[in-house]
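With TSV, N, CA and C atoms inside, this is structure13.tsv:
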```tsv
chain	number	residue	atom	x	y	z
A	1	MET	N	3.95	35.90	3.09
A	1	MET	CA	3.23	35.12	2.09
A	1	MET	C	1.80	35.62	1.99
A	2	GLN	N	1.24	35.50	0.81
A	2	GLN	CA	-0.15	35.85	0.63
A	2	GLN	C	-1.02	34.79	1.28
A	3	ASP	N	-2.24	35.17	1.63
A	3	ASP	CA	-3.15	34.26	2.32
A	3	ASP	C	-3.37	32.95	1.58
A	4	ASP	N	-3.60	33.00	0.26
A	4	ASP	CA	-3.83	31.78	-0.52
A	4	ASP	C	-2.60	30.88	-0.52
A	5	ALA	N	-1.41	31.50	-0.58
A	5	ALA	CA	-0.18	30.72	-0.56
A	5	ALA	C	-0.01	30.00	0.78
A	6	ILE	N	-0.39	30.67	1.86
A	6	ILE	CA	-0.31	30.06	3.19
A	6	ILE	C	-1.26	28.87	3.27
A	7	VAL	N	-2.47	29.06	2.81
A	7	VAL	CA	-3.47	27.97	2.82
A	7	VAL	C	-2.95	26.78	2.02
A	8	LEU	N	-2.40	27.05	0.84
A	8	LEU	CA	-1.88	25.98	-0.01
A	8	LEU	C	-0.72	25.25	0.66
A	9	HIS	N	0.22	25.99	1.22
A	9	HIS	CA	1.38	25.34	1.85
A	9	HIS	C	1.00	24.56	3.10
A	10	LYS	N	0.04	25.06	3.85
A	10	LYS	CA	-0.43	24.30	5.02
A	10	LYS	C	-1.11	23.01	4.59
A	11	ALA	N	-1.85	23.07	3.49
A	11	ALA	CA	-2.51	21.86	2.98
A	11	ALA	C	-1.47	20.87	2.46
A	12	ILE	N	-0.42	21.35	1.82
A	12	ILE	CA	0.66	20.47	1.34
A	12	ILE	C	1.30	19.78	2.54
A	13	SER	N	1.60	20.56	3.57
A	13	SER	CA	2.22	20.01	4.78
A	13	SER	C	1.34	18.94	5.42
A	14	LYS	N	0.07	19.24	5.56
A	14	LYS	CA	-0.85	18.28	6.17
A	14	LYS	C	-0.96	17.02	5.33
A	15	THR	N	-1.04	17.17	4.03
A	15	THR	CA	-1.14	16.02	3.13
A	15	THR	C	0.09	15.13	3.26
A	16	ILE	N	1.26	15.73	3.26
A	16	ILE	CA	2.50	14.97	3.41
A	16	ILE	C	2.51	14.24	4.76
A	17	SER	N	2.10	14.93	5.81
A	17	SER	CA	2.05	14.30	7.15
A	17	SER	C	1.13	13.10	7.17
A	18	LEU	N	-0.04	13.24	6.57
A	18	LEU	CA	-1.00	12.13	6.54
A	18	LEU	C	-0.45	10.94	5.75
A	19	ILE	N	0.20	11.21	4.64
A	19	ILE	CA	0.78	10.14	3.83
A	19	ILE	C	1.90	9.45	4.59
A	20	ARG	N	2.77	10.23	5.24
A	20	ARG	CA	3.86	9.65	6.03
A	20	ARG	C	3.32	8.74	7.12
A	21	GLU	N	2.28	9.21	7.82
A	21	GLU	CA	1.66	8.40	8.87
A	21	GLU	C	1.09	7.12	8.31
A	22	ASP	N	0.34	7.26	7.23
A	22	ASP	CA	-0.32	6.11	6.60
A	22	ASP	C	0.70	5.07	6.13
A	23	LYS	N	1.81	5.53	5.59
A	23	LYS	CA	2.83	4.61	5.07
A	23	LYS	C	3.87	4.22	6.11
A	24	GLY	N	3.83	4.87	7.26
A	24	GLY	CA	4.80	4.57	8.31
A	24	GLY	C	6.22	4.98	7.95
A	25	VAL	N	6.35	6.07	7.20
A	25	VAL	CA	7.66	6.55	6.77
A	25	VAL	C	8.19	7.53	7.82
A	26	ARG	N	9.38	7.22	8.34
A	26	ARG	CA	9.99	8.08	9.35
A	26	ARG	C	10.69	9.27	8.70
A	27	TYR	N	10.77	10.34	9.45
A	27	TYR	CA	11.44	11.58	9.02
A	27	TYR	C	12.85	11.30	8.52
A	28	THR	N	13.62	10.58	9.32
A	28	THR	CA	15.01	10.33	8.94
A	28	THR	C	15.11	9.46	7.69
A	29	ASP	N	14.24	8.47	7.57
A	29	ASP	CA	14.26	7.62	6.37
A	29	ASP	C	13.94	8.43	5.13
A	30	LEU	N	12.99	9.32	5.25
A	30	LEU	CA	12.59	10.14	4.11
A	30	LEU	C	13.71	11.09	3.71
A	31	CYS	N	14.25	11.81	4.67
A	31	CYS	CA	15.29	12.80	4.36
A	31	CYS	C	16.60	12.16	3.92
A	32	PHE	N	17.11	11.26	4.73
A	32	PHE	CA	18.41	10.70	4.43
A	32	PHE	C	18.37	9.65	3.33
A	33	GLY	N	17.27	8.93	3.24
A	33	GLY	CA	17.15	7.90	2.22
A	33	GLY	C	16.92	8.44	0.82
A	34	TYR	N	16.43	9.67	0.73
A	34	TYR	CA	16.12	10.24	-0.58
A	34	TYR	C	16.84	11.56	-0.83
A	35	ASP	N	17.90	11.81	-0.08
A	35	ASP	CA	18.73	12.99	-0.26
A	35	ASP	C	17.92	14.28	-0.24
A	36	ILE	N	17.06	14.39	0.76
A	36	ILE	CA	16.28	15.60	0.97
A	36	ILE	C	16.84	16.28	2.22
A	37	PRO	N	17.41	17.46	2.07
A	37	PRO	CA	17.96	18.13	3.26
A	37	PRO	C	16.89	18.30	4.34
A	38	THR	N	17.27	18.07	5.57
A	38	THR	CA	16.30	18.19	6.66
A	38	THR	C	15.76	19.62	6.74
A	39	SER	N	16.58	20.60	6.43
A	39	SER	CA	16.11	21.99	6.47
A	39	SER	C	15.04	22.22	5.41
A	40	THR	N	15.19	21.62	4.26
A	40	THR	CA	14.19	21.73	3.19
A	40	THR	C	12.89	21.07	3.63
A	41	PHE	N	13.00	19.87	4.18
A	41	PHE	CA	11.80	19.17	4.64
A	41	PHE	C	11.11	19.94	5.76
A	42	ASP	N	11.90	20.48	6.67
A	42	ASP	CA	11.34	21.27	7.77
A	42	ASP	C	10.61	22.51	7.25
A	43	ASP	N	11.17	23.16	6.22
A	43	ASP	CA	10.51	24.32	5.62
A	43	ASP	C	9.16	23.94	5.01
A	44	ILE	N	9.13	22.80	4.32
A	44	ILE	CA	7.88	22.34	3.72
A	44	ILE	C	6.86	22.05	4.82
A	45	MET	N	7.29	21.37	5.85
A	45	MET	CA	6.36	20.96	6.90
A	45	MET	C	5.90	22.12	7.78
A	46	SER	N	6.73	23.14	7.95
A	46	SER	CA	6.32	24.27	8.79
A	46	SER	C	5.43	25.24	8.03
A	47	ALA	N	5.50	25.23	6.71
A	47	ALA	CA	4.69	26.10	5.85
A	47	ALA	C	4.86	27.57	6.20
A	48	LYS	N	6.05	27.93	6.70
A	48	LYS	CA	6.28	29.33	7.07
A	48	LYS	C	6.84	30.15	5.91
A	49	ARG	N	7.37	29.48	4.90
A	49	ARG	CA	7.82	30.19	3.71
A	49	ARG	C	7.59	29.32	2.50
A	50	LEU	N	7.62	29.94	1.34
A	50	LEU	CA	7.36	29.22	0.10
A	50	LEU	C	8.44	28.19	-0.16
A	51	SER	N	8.05	27.00	-0.48
A	51	SER	CA	8.99	25.94	-0.84
A	51	SER	C	8.98	25.80	-2.36
A	52	SER	N	10.10	25.41	-2.90
A	52	SER	CA	10.16	25.25	-4.35
A	52	SER	C	9.37	24.02	-4.79
A	53	PHE	N	8.88	24.11	-6.00
A	53	PHE	CA	8.13	22.98	-6.56
A	53	PHE	C	9.04	21.75	-6.64
A	54	TYR	N	10.30	21.96	-6.95
A	54	TYR	CA	11.25	20.85	-7.05
A	54	TYR	C	11.37	20.12	-5.71
A	55	SER	N	11.48	20.88	-4.64
A	55	SER	CA	11.61	20.26	-3.31
A	55	SER	C	10.37	19.46	-2.95
A	56	ILE	N	9.20	20.03	-3.23
A	56	ILE	CA	7.96	19.32	-2.94
A	56	ILE	C	7.85	18.08	-3.82
A	57	ALA	N	8.24	18.21	-5.09
A	57	ALA	CA	8.21	17.07	-6.01
A	57	ALA	C	9.12	15.95	-5.53
A	58	LYS	N	10.26	16.31	-4.97
A	58	LYS	CA	11.19	15.29	-4.43
A	58	LYS	C	10.55	14.51	-3.28
A	59	VAL	N	9.85	15.21	-2.42
A	59	VAL	CA	9.17	14.56	-1.29
A	59	VAL	C	8.05	13.66	-1.82
A	60	ILE	N	7.29	14.15	-2.78
A	60	ILE	CA	6.21	13.35	-3.37
A	60	ILE	C	6.76	12.05	-3.94
A	61	LYS	N	7.87	12.16	-4.67
A	61	LYS	CA	8.49	10.97	-5.26
A	61	LYS	C	8.98	10.03	-4.16
A	62	ALA	N	9.61	10.59	-3.13
A	62	ALA	CA	10.12	9.76	-2.02
A	62	ALA	C	8.99	9.01	-1.33
A	63	LEU	N	7.80	9.58	-1.33
A	63	LEU	CA	6.65	8.92	-0.72
A	63	LEU	C	6.00	7.90	-1.65
A	64	GLY	N	6.53	7.81	-2.87
A	64	GLY	CA	6.04	6.80	-3.81
A	64	GLY	C	4.74	7.16	-4.50
A	65	LEU	N	4.49	8.46	-4.64
A	65	LEU	CA	3.25	8.91	-5.26
A	65	LEU	C	3.51	9.61	-6.58
A	66	SER	N	2.52	9.57	-7.45
A	66	SER	CA	2.56	10.37	-8.67
A	66	SER	C	1.98	11.75	-8.33
A	67	PHE	N	2.17	12.70	-9.23
A	67	PHE	CA	1.58	14.02	-9.02
A	67	PHE	C	0.06	13.93	-8.96
A	68	GLU	N	-0.50	13.06	-9.77
A	68	GLU	CA	-1.96	12.91	-9.80
A	68	GLU	C	-2.47	12.39	-8.46
A	69	GLU	N	-1.78	11.38	-7.91
A	69	GLU	CA	-2.20	10.82	-6.62
A	69	GLU	C	-2.07	11.87	-5.52
A	70	PHE	N	-0.94	12.58	-5.51
A	70	PHE	CA	-0.74	13.61	-4.50
A	70	PHE	C	-1.77	14.73	-4.65
A	71	GLY	N	-2.02	15.13	-5.88
A	71	GLY	CA	-2.99	16.19	-6.13
A	71	GLY	C	-4.38	15.83	-5.64
A	72	ALA	N	-4.78	14.58	-5.83
A	72	ALA	CA	-6.10	14.14	-5.36
A	72	ALA	C	-6.17	14.20	-3.83
A	73	LEU	N	-5.10	13.80	-3.16
A	73	LEU	CA	-5.07	13.86	-1.70
A	73	LEU	C	-5.01	15.30	-1.20
A	74	LEU	N	-4.23	16.12	-1.91
A	74	LEU	CA	-4.11	17.54	-1.55
A	74	LEU	C	-5.45	18.25	-1.70
A	75	ASP	N	-6.17	17.91	-2.74
A	75	ASP	CA	-7.46	18.55	-3.00
A	75	ASP	C	-8.42	18.34	-1.83
A	76	LYS	N	-8.31	17.22	-1.14
A	76	LYS	CA	-9.17	16.94	0.01
A	76	LYS	C	-8.86	17.85	1.20
A	77	GLU	N	-7.62	18.35	1.25
A	77	GLU	CA	-7.20	19.21	2.37
A	77	GLU	C	-7.43	20.69	2.09
A	78	LEU	N	-7.69	21.05	0.85
A	78	LEU	CA	-7.90	22.45	0.49
A	78	LEU	C	-9.37	22.83	0.67
A	79	PRO	N	-9.61	24.11	0.94
A	79	PRO	CA	-11.00	24.56	1.03
A	79	PRO	C	-11.72	24.32	-0.30
A	80	GLU	N	-13.01	24.16	-0.21
A	80	GLU	CA	-13.81	23.93	-1.42
A	80	GLU	C	-13.62	25.09	-2.40
A	81	ASN	N	-13.47	24.75	-3.68
A	81	ASN	CA	-13.29	25.72	-4.77
A	81	ASN	C	-12.05	26.59	-4.60
A	82	PHE	N	-11.04	26.07	-3.91
A	82	PHE	CA	-9.81	26.84	-3.69
A	82	PHE	C	-9.14	27.26	-4.99
A	83	MET	N	-9.05	26.33	-5.93
A	83	MET	CA	-8.36	26.62	-7.18
A	83	MET	C	-9.09	27.68	-8.02
A	84	ASP	N	-10.38	27.84	-7.82
A	84	ASP	CA	-11.14	28.85	-8.54
A	84	ASP	C	-10.76	30.26	-8.11
A	85	LYS	N	-10.24	30.41	-6.91
A	85	LYS	CA	-9.91	31.73	-6.36
A	85	LYS	C	-8.53	32.20	-6.79
A	86	ILE	N	-7.68	31.31	-7.24
A	86	ILE	CA	-6.30	31.68	-7.55
A	86	ILE	C	-6.25	32.45	-8.86
A	87	ASP	N	-5.60	33.60	-8.83
A	87	ASP	CA	-5.46	34.43	-10.04
A	87	ASP	C	-4.23	34.05	-10.81
```

Just dump the structure as structure tokens.
Amino acid sequence: MQDDAIVLHKAISKTISLIREDKGVRYTDLCFGYDIPTSTFDDIMSAKRLSSFYSIAKVIKALGLSFEEFGALLDKELPENFMDKID
């Protein structure tokens, strides 16, 4: 993965973790309750390879957030002016 993609995926993973903690949502409830394969969730959380937008969107929905809400939280985890660097 390119450096920017790694930074983005790590920030997505951290944001999801923080939301799960804040809402008290367990791994099993999230995966099995919303038909998210555990392997897909593990890939998102490990940030070792690119995850599909659809998979991330499914997790966002399962956490009860809109894209706007998730984006605002994600922005806090990204380096300053991160989006300005993306080509």

So how far away is atom C of A:Leu63 from atom CA of A:Lys23, in Å?
8.1 Å

Contact residues around stretch 34-38 of chain A with all atoms listed in the file at 7 Å, ignoring same-chain residues under 5 positions, as a ChimeraX atom specification
/A:29,43,62

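For A:Ala5, the residues within 8 Å (counting all atoms listed in the file, excluding itself and residues fewer than 3 positions away along the chain) are Met1, Gln2, Leu8, His9, Lys10, Ala11, Ala47, Arg49 and Leu50 of chain A.
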
Any idea what the distance is between atom CA of A:Asn81 and atom CA of A:Val59?
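These atoms are spaced 25.3 Å apart.
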
Got a sec to tell me which of stretch 16-86 of chain A DSSP assigns to alpha helix (DSSP H), as a PyMOL selection string?
chain A and resi 16-23+27-33+38-46+53-62+67-77+82-85

Which residue gives the smallest distance to A:Ile12 among A:Glu68, A:Ile44, A:Ser39, A:Glu80, with only N, CA and C atoms counted?
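Result for the nearest residue to A:Ile12: A:Ile44.
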
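Across the model, the gap from atom C of A:Thr28 to atom C of A:Lys76 is 26.2 Å.
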
Closest of A:Glu77, A:Phe70, A:Gly33, A:Arg26 to A:Ile56 - atom-to-atom distances counting only C-alpha atoms:
A:Phe70

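With distances restricted to only N, CA and C atoms, A:Ile60 is the closest residue to A:Ile16 from A:Ile60, A:Asp3, A:Thr40, A:Ser51.
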